[in-house]
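Undergrad: Quick one, final.cif (mmCIF, C-alpha atoms):
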```cif
data_target
loop_
_atom_site.group_PDB
_atom_site.id
_atom_site.type_symbol
_atom_site.label_atom_id
_atom_site.label_comp_id
_atom_site.auth_asym_id
_atom_site.auth_seq_id
_atom_site.Cartn_x
_atom_site.Cartn_y
_atom_site.Cartn_z
ATOM 1 C CA MET A 1 -11.208 28.271 -11.636
ATOM 2 C CA ASN A 2 -13.685 27.864 -14.473
ATOM 3 C CA GLN A 3 -16.913 25.884 -14.098
ATOM 4 C CA THR A 4 -15.553 22.789 -15.841
ATOM 5 C CA GLY A 5 -13.352 22.065 -12.890
ATOM 6 C CA ARG A 6 -10.211 22.533 -14.990
ATOM 7 C CA PRO A 7 -7.361 24.563 -13.465
ATOM 8 C CA GLN A 8 -7.307 28.287 -13.999
ATOM 9 C CA ASP A 9 -4.853 29.852 -16.430
ATOM 10 C CA PHE A 10 -2.574 31.498 -13.871
ATOM 11 C CA PRO A 11 -0.492 29.015 -11.867
ATOM 12 C CA MET A 12 0.504 29.609 -8.262
ATOM 13 C CA THR A 13 4.221 30.359 -8.202
ATOM 14 C CA ASN A 14 4.918 32.128 -4.907
ATOM 15 C CA PRO A 15 5.758 29.630 -2.131
ATOM 16 C CA ARG A 16 5.461 32.413 0.470
ATOM 17 C CA ALA A 17 1.941 33.435 -0.508
ATOM 18 C CA ASP A 18 -0.643 33.515 2.285
ATOM 19 C CA ARG A 19 -2.744 30.764 0.681
ATOM 20 C CA VAL A 20 0.278 28.495 0.419
ATOM 21 C CA ARG A 21 1.141 29.055 4.065
ATOM 22 C CA ASP A 22 -2.478 28.486 5.028
ATOM 23 C CA VAL A 23 -2.493 25.076 3.330
ATOM 24 C CA ALA A 24 0.906 24.164 4.784
ATOM 25 C CA LYS A 25 -0.411 24.766 8.310
ATOM 26 C CA LEU A 26 -2.590 21.663 7.920
ATOM 27 C CA ALA A 27 0.543 19.610 8.474
ATOM 28 C CA GLY A 28 0.121 20.593 12.119
ATOM 29 C CA ARG A 29 -2.517 19.114 14.420
ATOM 30 C CA PRO A 30 -3.836 22.435 15.834
ATOM 31 C CA ALA A 31 -4.768 23.729 12.365
ATOM 32 C CA ARG A 32 -6.328 20.395 11.410
ATOM 33 C CA LEU A 33 -8.506 20.307 14.514
ATOM 34 C CA LYS A 34 -9.548 23.936 14.121
ATOM 35 C CA ARG A 35 -10.584 23.541 10.478
ATOM 36 C CA GLY A 36 -11.622 19.882 10.387
ATOM 37 C CA ARG A 37 -9.430 19.394 7.337
ATOM 38 C CA PHE A 38 -6.203 17.621 6.444
ATOM 39 C CA LEU A 39 -3.803 17.096 3.553
ATOM 40 C CA ALA A 40 -3.691 14.162 1.158
ATOM 41 C CA GLU A 41 -0.432 14.086 -0.788
ATOM 42 C CA GLY A 42 0.523 12.196 -3.919
ATOM 43 C CA PRO A 43 -1.454 10.766 -6.859
ATOM 44 C CA GLN A 44 -2.660 7.603 -5.099
ATOM 45 C CA ALA A 45 -4.033 9.311 -2.007
ATOM 46 C CA VAL A 46 -5.586 12.171 -3.989
ATOM 47 C CA ARG A 47 -7.152 9.764 -6.496
ATOM 48 C CA GLU A 48 -8.848 7.797 -3.724
ATOM 49 C CA ALA A 49 -9.941 10.991 -1.964
ATOM 50 C CA LEU A 50 -11.498 12.312 -5.166
ATOM 51 C CA THR A 51 -13.210 8.985 -5.857
ATOM 52 C CA LEU A 52 -14.798 9.024 -2.397
ATOM 53 C CA HIS A 53 -15.686 12.683 -2.912
ATOM 54 C CA ARG A 54 -17.647 11.892 -6.063
ATOM 55 C CA GLU A 55 -19.373 8.920 -4.438
ATOM 56 C CA ARG A 56 -20.403 10.999 -1.432
ATOM 57 C CA LEU A 57 -21.799 13.802 -3.567
ATOM 58 C CA ALA A 58 -23.652 11.354 -5.810
ATOM 59 C CA SER A 59 -25.414 9.906 -2.758
ATOM 60 C CA GLY A 60 -26.260 13.309 -1.332
ATOM 61 C CA GLY A 61 -23.433 13.353 1.173
ATOM 62 C CA ALA A 62 -20.972 16.056 2.124
ATOM 63 C CA ALA A 63 -17.902 16.996 0.111
ATOM 64 C CA VAL A 64 -14.632 15.257 0.931
ATOM 65 C CA VAL A 65 -12.182 17.249 -1.222
ATOM 66 C CA HIS A 66 -12.259 21.030 -1.287
ATOM 67 C CA GLU A 67 -9.090 22.074 -3.080
ATOM 68 C CA VAL A 68 -6.528 20.365 -5.275
ATOM 69 C CA PHE A 69 -3.133 21.820 -6.124
ATOM 70 C CA ALA A 70 -1.163 20.067 -8.857
ATOM 71 C CA SER A 71 1.802 20.608 -11.145
ATOM 72 C CA GLU A 72 1.294 20.735 -14.878
ATOM 73 C CA ALA A 73 3.596 17.733 -15.247
ATOM 74 C CA CYS A 74 1.471 15.677 -12.845
ATOM 75 C CA LEU A 75 -1.775 16.430 -14.689
ATOM 76 C CA GLU A 76 -0.168 15.756 -18.046
ATOM 77 C CA ARG A 77 1.067 12.393 -16.775
ATOM 78 C CA LEU A 78 -2.201 11.537 -15.000
ATOM 79 C CA PRO A 79 -5.021 13.398 -16.807
ATOM 80 C CA GLU A 80 -7.675 11.319 -15.017
ATOM 81 C CA LEU A 81 -6.922 13.266 -11.844
ATOM 82 C CA ALA A 82 -8.142 16.469 -13.465
ATOM 83 C CA ASP A 83 -11.301 14.661 -14.585
ATOM 84 C CA LEU A 84 -11.926 13.373 -11.070
ATOM 85 C CA ALA A 85 -11.379 16.865 -9.667
ATOM 86 C CA VAL A 86 -14.248 18.418 -11.611
ATOM 87 C CA GLY A 87 -16.348 20.354 -9.102
ATOM 88 C CA THR A 88 -13.468 21.065 -6.741
ATOM 89 C CA GLN A 89 -11.088 24.008 -6.762
ATOM 90 C CA LEU A 90 -8.283 22.686 -8.933
ATOM 91 C CA ARG A 91 -5.237 24.914 -9.334
ATOM 92 C CA ILE A 92 -1.930 24.576 -11.112
ATOM 93 C CA ALA A 93 0.997 25.126 -8.750
ATOM 94 C CA SER A 94 4.730 25.272 -9.283
ATOM 95 C CA ASP A 95 7.047 22.691 -7.756
ATOM 96 C CA ASP A 96 8.237 25.267 -5.223
ATOM 97 C CA VAL A 97 4.667 25.943 -4.121
ATOM 98 C CA LEU A 98 3.887 22.232 -3.780
ATOM 99 C CA ALA A 99 7.087 21.708 -1.806
ATOM 100 C CA ALA A 100 6.041 24.502 0.566
ATOM 101 C CA MET A 101 2.577 22.964 1.007
ATOM 102 C CA ALA A 102 3.565 19.320 1.305
ATOM 103 C CA ASP A 103 5.054 17.584 4.309
ATOM 104 C CA THR A 104 7.457 15.501 2.206
ATOM 105 C CA VAL A 105 10.959 16.442 1.082
ATOM 106 C CA ASN A 106 10.166 15.396 -2.484
ATOM 107 C CA PRO A 107 6.466 16.096 -3.159
ATOM 108 C CA GLN A 108 4.737 13.973 -5.768
ATOM 109 C CA GLY A 109 3.148 16.784 -7.742
ATOM 110 C CA ILE A 110 -0.326 16.951 -6.217
ATOM 111 C CA VAL A 111 -1.896 17.891 -2.877
ATOM 112 C CA ALA A 112 -5.557 17.915 -1.832
ATOM 113 C CA VAL A 113 -7.269 19.635 1.089
ATOM 114 C CA CYS A 114 -9.824 17.189 2.490
ATOM 115 C CA SER A 115 -12.485 17.149 5.191
ATOM 116 C CA PHE A 116 -12.138 14.681 8.045
ATOM 117 C CA VAL A 117 -13.652 11.355 7.035
ATOM 118 C CA ASP A 118 -13.908 9.524 10.388
ATOM 119 C CA VAL A 119 -17.258 8.196 11.547
ATOM 120 C CA SER A 120 -18.901 7.394 14.877
ATOM 121 C CA LEU A 121 -18.371 4.148 16.744
ATOM 122 C CA GLU A 122 -22.117 3.553 16.843
ATOM 123 C CA SER A 123 -22.443 3.761 13.056
ATOM 124 C CA VAL A 124 -19.727 1.144 12.636
ATOM 125 C CA LEU A 125 -21.130 -1.309 15.164
ATOM 126 C CA ASP A 126 -24.716 -0.836 13.998
ATOM 127 C CA ALA A 127 -23.629 -1.953 10.521
ATOM 128 C CA GLY A 128 -22.881 -5.446 11.858
ATOM 129 C CA PRO A 129 -19.126 -5.700 11.196
ATOM 130 C CA ARG A 130 -17.453 -9.088 11.041
ATOM 131 C CA LEU A 131 -13.830 -7.959 11.167
ATOM 132 C CA VAL A 132 -12.494 -4.866 12.939
ATOM 133 C CA ALA A 133 -8.939 -3.706 13.644
ATOM 134 C CA VAL A 134 -8.464 -1.745 16.863
ATOM 135 C CA MET A 135 -5.272 0.214 17.533
ATOM 136 C CA CYS A 136 -4.598 0.781 21.220
ATOM 137 C CA GLN A 137 -1.957 3.386 22.067
ATOM 138 C CA VAL A 138 -0.357 3.108 18.637
ATOM 139 C CA ARG A 139 1.801 6.223 18.543
ATOM 140 C CA ASP A 140 3.810 6.035 15.333
ATOM 141 C CA PRO A 141 1.973 7.540 12.330
ATOM 142 C CA GLY A 142 3.706 5.222 9.868
ATOM 143 C CA ASN A 143 2.652 2.155 11.843
ATOM 144 C CA ALA A 144 -0.924 3.396 12.179
ATOM 145 C CA GLY A 145 -1.131 3.958 8.435
ATOM 146 C CA THR A 146 0.322 0.538 7.729
ATOM 147 C CA VAL A 147 -2.196 -1.226 9.982
ATOM 148 C CA LEU A 148 -5.054 0.665 8.361
ATOM 149 C CA ARG A 149 -3.783 -0.315 4.913
ATOM 150 C CA ALA A 150 -3.480 -3.960 5.998
ATOM 151 C CA ALA A 151 -7.034 -3.898 7.360
ATOM 152 C CA ASP A 152 -8.270 -2.533 4.060
ATOM 153 C CA ALA A 153 -6.404 -5.215 2.108
ATOM 154 C CA ALA A 154 -7.817 -7.955 4.355
ATOM 155 C CA GLY A 155 -11.355 -6.731 3.750
ATOM 156 C CA ALA A 156 -11.945 -5.535 7.300
ATOM 157 C CA ASP A 157 -15.152 -3.637 7.930
ATOM 158 C CA ALA A 158 -13.635 -0.851 10.015
ATOM 159 C CA VAL A 159 -10.560 0.448 11.819
ATOM 160 C CA ILE A 160 -10.798 1.974 15.282
ATOM 161 C CA LEU A 161 -8.126 4.037 17.031
ATOM 162 C CA THR A 162 -8.308 4.614 20.769
ATOM 163 C CA SER A 163 -8.070 8.071 22.302
ATOM 164 C CA SER A 164 -4.413 7.487 23.192
ATOM 165 C CA SER A 165 -3.372 6.639 19.625
ATOM 166 C CA VAL A 166 -1.785 8.859 16.989
ATOM 167 C CA ASP A 167 -3.783 11.306 14.876
ATOM 168 C CA ILE A 168 -4.544 9.372 11.680
ATOM 169 C CA TYR A 169 -4.654 12.695 9.809
ATOM 170 C CA ASN A 170 -0.976 13.238 10.480
ATOM 171 C CA PRO A 171 0.587 13.630 6.981
ATOM 172 C CA LYS A 172 2.886 10.638 7.493
ATOM 173 C CA ALA A 173 -0.030 8.476 8.620
ATOM 174 C CA VAL A 174 -2.132 9.547 5.626
ATOM 175 C CA ARG A 175 0.728 8.718 3.242
ATOM 176 C CA SER A 176 1.262 5.344 4.904
ATOM 177 C CA THR A 177 -2.348 4.335 4.266
ATOM 178 C CA ALA A 178 -1.703 4.667 0.500
ATOM 179 C CA GLY A 179 -5.294 5.791 -0.019
ATOM 180 C CA SER A 180 -6.896 3.185 2.251
ATOM 181 C CA LEU A 181 -8.009 5.955 4.614
ATOM 182 C CA PHE A 182 -10.698 6.697 2.030
ATOM 183 C CA HIS A 183 -11.834 3.073 1.611
ATOM 184 C CA LEU A 184 -13.258 1.906 4.921
ATOM 185 C CA PRO A 185 -14.859 3.450 8.011
ATOM 186 C CA VAL A 186 -12.404 4.824 10.567
ATOM 187 C CA VAL A 187 -13.311 5.667 14.166
ATOM 188 C CA LEU A 188 -11.121 7.960 16.242
ATOM 189 C CA GLY A 189 -10.839 8.598 19.963
ATOM 190 C CA ALA A 190 -12.571 5.445 21.168
ATOM 191 C CA GLU A 191 -12.298 4.358 24.804
ATOM 192 C CA VAL A 192 -11.212 0.746 24.751
ATOM 193 C CA GLU A 193 -13.369 -0.373 27.698
ATOM 194 C CA GLU A 194 -16.527 1.052 26.139
ATOM 195 C CA LEU A 195 -15.586 -0.318 22.729
ATOM 196 C CA VAL A 196 -15.076 -3.850 24.047
ATOM 197 C CA ALA A 197 -18.337 -3.771 26.007
ATOM 198 C CA LEU A 198 -20.281 -2.625 22.943
ATOM 199 C CA CYS A 199 -18.642 -5.277 20.758
ATOM 200 C CA LYS A 200 -19.419 -8.075 23.186
ATOM 201 C CA SER A 201 -23.033 -6.934 23.511
ATOM 202 C CA ARG A 202 -23.311 -7.398 19.742
ATOM 203 C CA GLY A 203 -21.695 -10.829 19.666
ATOM 204 C CA ILE A 204 -18.327 -9.629 18.411
ATOM 205 C CA GLY A 205 -15.441 -11.533 19.969
ATOM 206 C CA ILE A 206 -12.294 -9.774 21.173
ATOM 207 C CA LEU A 207 -8.831 -11.119 20.375
ATOM 208 C CA ALA A 208 -5.638 -9.496 21.602
ATOM 209 C CA ALA A 209 -2.519 -9.866 19.479
ATOM 210 C CA ASP A 210 0.095 -10.741 22.076
ATOM 211 C CA GLY A 211 3.489 -12.322 21.518
ATOM 212 C CA TYR A 212 3.187 -14.030 24.899
ATOM 213 C CA GLY A 213 -0.348 -15.268 24.345
ATOM 214 C CA THR A 214 -1.236 -18.845 25.238
ATOM 215 C CA VAL A 215 -3.445 -19.319 22.178
ATOM 216 C CA ASN A 216 -1.560 -20.074 18.978
ATOM 217 C CA LEU A 217 -2.872 -18.488 15.772
ATOM 218 C CA ASP A 218 -1.815 -21.496 13.711
ATOM 219 C CA THR A 219 -3.853 -23.777 15.958
ATOM 220 C CA LEU A 220 -6.955 -21.612 15.527
ATOM 221 C CA GLN A 221 -6.531 -21.710 11.753
ATOM 222 C CA ASP A 222 -6.056 -25.488 11.748
ATOM 223 C CA GLU A 223 -9.218 -25.943 13.801
ATOM 224 C CA ASN A 224 -11.137 -23.686 11.439
ATOM 225 C CA ALA A 225 -9.919 -25.678 8.440
ATOM 226 C CA ALA A 226 -11.016 -28.944 10.075
ATOM 227 C CA ARG A 227 -14.507 -27.606 10.699
ATOM 228 C CA ARG A 228 -14.765 -26.447 7.107
ATOM 229 C CA LEU A 229 -14.012 -30.007 6.038
ATOM 230 C CA GLY A 230 -16.961 -31.216 8.089
ATOM 231 C CA ASN A 231 -15.205 -32.463 11.199
ATOM 232 C CA SER A 232 -17.826 -31.448 13.734
ATOM 233 C CA SER A 233 -15.946 -33.103 16.577
ATOM 234 C CA VAL A 234 -13.204 -30.455 16.499
ATOM 235 C CA THR A 235 -13.250 -28.274 19.583
ATOM 236 C CA SER A 236 -11.806 -24.813 19.613
ATOM 237 C CA GLN A 237 -10.813 -22.156 22.067
ATOM 238 C CA TYR A 238 -12.085 -19.552 19.603
ATOM 239 C CA ALA A 239 -13.820 -19.756 16.234
ATOM 240 C CA LEU A 240 -11.868 -17.520 13.847
ATOM 241 C CA GLU A 241 -14.825 -17.440 11.477
ATOM 242 C CA ALA A 242 -16.918 -15.555 14.043
ATOM 243 C CA PRO A 243 -17.248 -11.751 14.061
ATOM 244 C CA THR A 244 -14.021 -10.492 15.618
ATOM 245 C CA ALA A 245 -12.329 -7.311 16.763
ATOM 246 C CA TRP A 246 -8.539 -7.587 16.977
ATOM 247 C CA LEU A 247 -6.700 -5.438 19.521
ATOM 248 C CA PHE A 248 -3.221 -4.275 18.471
ATOM 249 C CA GLY A 249 -1.001 -2.518 20.984
ATOM 250 C CA ASN A 250 1.755 0.018 21.290
ATOM 251 C CA GLU A 251 4.846 -0.558 19.147
ATOM 252 C CA ALA A 252 7.239 -0.853 22.083
ATOM 253 C CA GLN A 253 5.149 -2.077 25.026
ATOM 254 C CA GLY A 254 2.361 -3.918 23.243
ATOM 255 C CA LEU A 255 -1.040 -4.049 24.901
ATOM 256 C CA SER A 256 -1.285 -3.050 28.549
ATOM 257 C CA ASP A 257 -2.379 -5.523 31.222
ATOM 258 C CA ASP A 258 -5.748 -3.767 31.426
ATOM 259 C CA GLU A 259 -6.228 -4.016 27.662
ATOM 260 C CA LEU A 260 -5.208 -7.673 27.622
ATOM 261 C CA ALA A 261 -7.695 -8.407 30.386
ATOM 262 C CA LEU A 262 -10.530 -7.151 28.199
ATOM 263 C CA ALA A 263 -9.898 -9.755 25.489
ATOM 264 C CA ASP A 264 -11.523 -13.160 25.200
ATOM 265 C CA HIS A 265 -8.129 -14.604 24.289
ATOM 266 C CA ARG A 266 -4.519 -13.526 23.936
ATOM 267 C CA VAL A 267 -3.293 -14.852 20.594
ATOM 268 C CA ALA A 268 0.341 -15.283 19.594
ATOM 269 C CA VAL A 269 1.620 -15.388 16.020
ATOM 270 C CA PRO A 270 4.178 -18.205 15.958
ATOM 271 C CA VAL A 271 7.753 -17.248 15.094
ATOM 272 C CA TYR A 272 9.613 -20.091 13.392
ATOM 273 C CA GLY A 273 12.955 -18.391 12.862
ATOM 274 C CA ALA A 274 15.414 -16.547 15.072
ATOM 275 C CA ALA A 275 13.585 -13.197 15.093
ATOM 276 C CA GLU A 276 12.540 -12.089 18.556
ATOM 277 C CA SER A 277 9.154 -10.881 17.377
ATOM 278 C CA LEU A 278 7.163 -9.345 14.519
ATOM 279 C CA ASN A 279 6.670 -5.618 14.115
ATOM 280 C CA LEU A 280 3.219 -4.155 14.561
ATOM 281 C CA GLY A 281 2.324 -3.892 10.885
ATOM 282 C CA THR A 282 3.378 -7.444 10.081
ATOM 283 C CA ALA A 283 1.644 -8.966 13.103
ATOM 284 C CA ALA A 284 -1.560 -7.071 12.341
ATOM 285 C CA THR A 285 -1.491 -8.240 8.732
ATOM 286 C CA VAL A 286 -1.062 -11.896 9.700
ATOM 287 C CA CYS A 287 -3.854 -11.748 12.299
ATOM 288 C CA LEU A 288 -6.330 -9.911 10.089
ATOM 289 C CA TYR A 289 -5.750 -12.221 7.141
ATOM 290 C CA ALA A 290 -6.188 -15.275 9.362
ATOM 291 C CA SER A 291 -9.638 -14.026 10.372
ATOM 292 C CA ALA A 292 -10.515 -12.886 6.850
ATOM 293 C CA ARG A 293 -9.649 -16.245 5.310
ATOM 294 C CA SER A 294 -11.571 -18.127 7.991
ATOM 295 C CA GLN A 295 -14.627 -15.924 7.606
ATOM 296 C CA ARG A 296 -14.653 -16.167 3.836
ATOM 297 C CA GLY A 297 -14.449 -19.939 3.938
ATOM 298 C CA ALA A 298 -16.858 -20.426 6.808
ATOM 299 C CA HIS A 299 -20.113 -22.374 6.576
ATOM 300 C CA VAL A 300 -23.300 -20.359 6.280
ATOM 301 C CA HIS A 301 -24.401 -21.186 9.809
ATOM 302 C CA THR A 302 -23.326 -18.859 12.615
ATOM 303 C CA VAL A 303 -20.542 -20.000 14.919
ATOM 304 C CA PRO A 304 -20.451 -18.488 18.439
ATOM 305 C CA ALA A 305 -17.412 -16.295 19.029
ATOM 306 C CA SER A 306 -16.420 -18.338 22.082
ATOM 307 C CA GLY A 307 -16.197 -21.539 20.070
ATOM 308 C CA ASN A 308 -16.818 -24.823 21.829
ATOM 309 C CA ALA A 309 -14.610 -24.246 24.814
#
```
How would this structure read if it were set down as structure tokens?

TA:
Amino acid sequence: MNQTGRPQDFPMTNPRADRVRDVAKLAGRPARLKRGRFLAEGPQAVREALTLHRERLASGGAAVVHEVFASEACLERLPELADLAVGTQLRIASDDVLAAMADTVNPQGIVAVCSFVDVSLESVLDAGPRLVAVMCQVRDPGNAGTVLRAADAAGADAVILTSSSVDIYNPKAVRSTAGSLFHLPVVLGAEVEELVALCKSRGIGILAADGYGTVNLDTLQDENAARRLGNSSVTSQYALEAPTAWLFGNEAQGLSDDELALADHRVAVPVYGAAESLNLGTAATVCLYASARSQRGAHVHTVPASGNA
């Protein structure tokens, strides 16, 4: 590679080359843990990874992206990716090489090798978050990525995965985040009991998303709206505008009894039609947006997380 960051003249064409196999190994968890690196695939994910990379370097931080492999067609279609990749190892690769590196059946023309981007629990909580999504025993990588993307869209301050949840650097999980993995702080391997205790010590309320919960999300939103209109007589089981960490459980079993017991309230999303329940991604989106809307419309004064109950 020349010093401009542009790809070198000789493209990679051998899908069985050692370097290609070395990159492809990052699709597996053992190689990721050993090297502290993972794969971002596709223009959207690589664009966001490169953007974070440049921001980190500009502020004196560590590199995020180390290598980028792209087809000529991809860079011709999206020349801004080559500009963003200045300072990384950018190489032209054939479609066969990209297919051998990527985890997808039909690769999207670009793959990046990235450093892990997760942060410590303490750094997240010390920043004074107002909205946090916590995944407890979420095992499906697609679901984990979807929840992270929903948290990003709702303006959450962080996403936390417990030690029993899926590896967010799984290629399917990374793809499912659609680049959101590079937008907000992510904590991995948290112990839920410790997490809840630390949140409560900082005045962050704990809500558990539970289809059998006795607290109705619609009711909490209605009470929040009434307070915003100046009705100080409205009482509430929980003030949605307060700093909140939402607990989201396993796709099949939901939150365990022990996890539910840690929450201030078990909150149900009402189902108006004939569906038995909402899937994890949809339920998380509804809950996070309910908090986000309440917080953004809240009065300036602080409302205790426990409400007036």

Undergrad: Determine the residue set returned by the PyMOL selection byres ((chain A and resi 147) around 8) for the present structure, and present it as a PDB file with C-alpha atoms, in the frame of the given file.

TA:
```pdb
ATOM      1  CA  ASN A 143       2.652   2.155  11.843  1.00  0.00           C
ATOM      2  CA  ALA A 144      -0.924   3.396  12.179  1.00  0.00           C
ATOM      3  CA  GLY A 145      -1.131   3.958   8.435  1.00  0.00           C
ATOM      4  CA  THR A 146       0.322   0.538   7.729  1.00  0.00           C
ATOM      5  CA  LEU A 148      -5.054   0.665   8.361  1.00  0.00           C
ATOM      6  CA  ARG A 149      -3.783  -0.315   4.913  1.00  0.00           C
ATOM      7  CA  ALA A 150      -3.480  -3.960   5.998  1.00  0.00           C
ATOM      8  CA  ALA A 151      -7.034  -3.898   7.360  1.00  0.00           C
ATOM      9  CA  THR A 177      -2.348   4.335   4.266  1.00  0.00           C
ATOM     10  CA  LEU A 280       3.219  -4.155  14.561  1.00  0.00           C
ATOM     11  CA  GLY A 281       2.324  -3.892  10.885  1.00  0.00           C
ATOM     12  CA  ALA A 284      -1.560  -7.071  12.341  1.00  0.00           C
ATOM     13  CA  THR A 285      -1.491  -8.240   8.732  1.00  0.00           C
TER      14      THR A 285
END
```

Undergrad: Starting from the displayed file, determine the output of the PyMOL selection byres ((chain A and resi 180-192) around 9) and express the residue list as a ChimeraX atom specification.

TA: /A:45,48-49,51-52,117-121,124,134,136,145,148-153,155-165,167-168,174,176-179,193-197,259,262

Undergrad: So what do you get for CA of Thr214 (chain A) versus CA of Val166 (chain A), distance-wise?

TA: 28.9 Å

Undergrad: Taking (-7.7, 20.4, -0.9) in the file's coordinates, which residues come within 9 Å, counting only C-alpha atoms, written as a list in words?

TA: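 The answer, in the requested form, is Val23, Arg37, Phe38, Leu39, Ala40, Val64, Val65, His66, Glu67, Val68, Phe69, Thr88, Gln89, Leu90, Val111, Ala112, Val113, Cys114 and Ser115 of chain A.
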
Undergrad: Return as a ChimeraX atom specification the set of residues that the PyMOL selection byres ((chain A and resi 253) around 12) yields on the displayed structure.

TA: /A:136-139,210-211,248-252,254-257,259,279-280

Undergrad: Please compute the CA of Asp264 (chain A)-CA of Leu240 (chain A) distance, one decimal, in Å.

TA: 12.2 Å

Undergrad: Distance CA of Trp246 (chain A)-CA of Ala275 (chain A), one decimal place?

TA: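 We find that CA of Trp246 (chain A) and CA of Ala275 (chain A) lie 22.9 Å from each other.
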
Undergrad: Using all atoms listed in the file, pick whichever of A:Ala226, A:Ala100, A:Arg175, A:Val286 has the shortest atom-to-atom distance to Ala209 (chain A).

TA: A:Val286

Undergrad: For a quick check of your reading of the model, name the residues lying within 12 Å of the coordinate (6.7, -19.0, 14.5), counting only C-alpha atoms, and write them as a ChimeraX atom specification.

TA: /A:211,216-219,268-278,283,286

Undergrad: Tell me which of A:Ala17, A:Arg266, A:Glu76, A:Phe116 sits closest to Ala62 (chain A), counting only C-alpha atoms.

TA: A:Phe116

Undergrad: Rank A:Leu50, A:Ala239, A:Ala31, A:Val267 by their smallest atom-to-atom distance to Glu80 (chain A), using all atoms listed in the file, and report the top residue only.

TA: A:Leu50

Undergrad: Which residue, A:Ser94, A:Asn106, A:Gln221, A:Thr244, has the smallest gap to Val132 (chain A) when you use all atoms listed in the file?

TA: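 Comparing A:Ser94, A:Asn106, A:Gln221, A:Thr244 against Val132 (chain A), the winner is A:Thr244.
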
Undergrad: Around all listed atoms of region 88-99 of chain A, padded 8 Å per side, what centre and edge lengths does the axis-aligned box have in Å to one decimal, as lines of an AutoDock Vina configuration file?

TA:
```
center_x = -2.6
center_y = 23.5
center_z = -6.5
size_x = 37.7
size_y = 20.9
size_z = 25.3
```

Undergrad: Once N, CA and C atoms are restored for region 281-294 of chain A, what would the output be as a PDB file, in the frame of the given file?

TA:
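To be explicit, this is the file written out as part.pdb:
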```
ATOM      1  N   GLY A 281       2.992  -3.772  12.177  1.00  0.00           N
ATOM      2  CA  GLY A 281       2.324  -3.892  10.885  1.00  0.00           C
ATOM      3  C   GLY A 281       2.254  -5.318  10.388  1.00  0.00           C
ATOM      4  N   THR A 282       3.343  -6.054  10.539  1.00  0.00           N
ATOM      5  CA  THR A 282       3.378  -7.444  10.081  1.00  0.00           C
ATOM      6  C   THR A 282       2.451  -8.319  10.921  1.00  0.00           C
ATOM      7  N   ALA A 283       2.513  -8.168  12.224  1.00  0.00           N
ATOM      8  CA  ALA A 283       1.644  -8.966  13.103  1.00  0.00           C
ATOM      9  C   ALA A 283       0.177  -8.693  12.816  1.00  0.00           C
ATOM     10  N   ALA A 284      -0.166  -7.420  12.630  1.00  0.00           N
ATOM     11  CA  ALA A 284      -1.560  -7.071  12.341  1.00  0.00           C
ATOM     12  C   ALA A 284      -2.009  -7.689  11.028  1.00  0.00           C
ATOM     13  N   THR A 285      -1.144  -7.653  10.034  1.00  0.00           N
ATOM     14  CA  THR A 285      -1.491  -8.240   8.732  1.00  0.00           C
ATOM     15  C   THR A 285      -1.768  -9.732   8.848  1.00  0.00           C
ATOM     16  N   VAL A 286      -0.897 -10.444   9.550  1.00  0.00           N
ATOM     17  CA  VAL A 286      -1.062 -11.896   9.700  1.00  0.00           C
ATOM     18  C   VAL A 286      -2.373 -12.206  10.427  1.00  0.00           C
ATOM     19  N   CYS A 287      -2.644 -11.484  11.509  1.00  0.00           N
ATOM     20  CA  CYS A 287      -3.854 -11.748  12.299  1.00  0.00           C
ATOM     21  C   CYS A 287      -5.123 -11.444  11.502  1.00  0.00           C
ATOM     22  N   LEU A 288      -5.140 -10.309  10.838  1.00  0.00           N
ATOM     23  CA  LEU A 288      -6.330  -9.911  10.089  1.00  0.00           C
ATOM     24  C   LEU A 288      -6.603 -10.859   8.930  1.00  0.00           C
ATOM     25  N   TYR A 289      -5.556 -11.289   8.250  1.00  0.00           N
ATOM     26  CA  TYR A 289      -5.750 -12.221   7.141  1.00  0.00           C
ATOM     27  C   TYR A 289      -6.195 -13.594   7.631  1.00  0.00           C
ATOM     28  N   ALA A 290      -5.736 -13.999   8.810  1.00  0.00           N
ATOM     29  CA  ALA A 290      -6.188 -15.275   9.362  1.00  0.00           C
ATOM     30  C   ALA A 290      -7.700 -15.250   9.588  1.00  0.00           C
ATOM     31  N   SER A 291      -8.196 -14.161  10.173  1.00  0.00           N
ATOM     32  CA  SER A 291      -9.638 -14.026  10.372  1.00  0.00           C
ATOM     33  C   SER A 291     -10.373 -13.910   9.045  1.00  0.00           C
ATOM     34  N   ALA A 292      -9.843 -13.104   8.138  1.00  0.00           N
ATOM     35  CA  ALA A 292     -10.515 -12.886   6.850  1.00  0.00           C
ATOM     36  C   ALA A 292     -10.643 -14.190   6.072  1.00  0.00           C
ATOM     37  N   ARG A 293      -9.597 -14.977   6.049  1.00  0.00           N
ATOM     38  CA  ARG A 293      -9.649 -16.245   5.310  1.00  0.00           C
ATOM     39  C   ARG A 293     -10.635 -17.203   5.967  1.00  0.00           C
ATOM     40  N   SER A 294     -10.637 -17.247   7.288  1.00  0.00           N
ATOM     41  CA  SER A 294     -11.571 -18.127   7.991  1.00  0.00           C
ATOM     42  C   SER A 294     -13.010 -17.710   7.762  1.00  0.00           C
TER      43      SER A 294
END
```
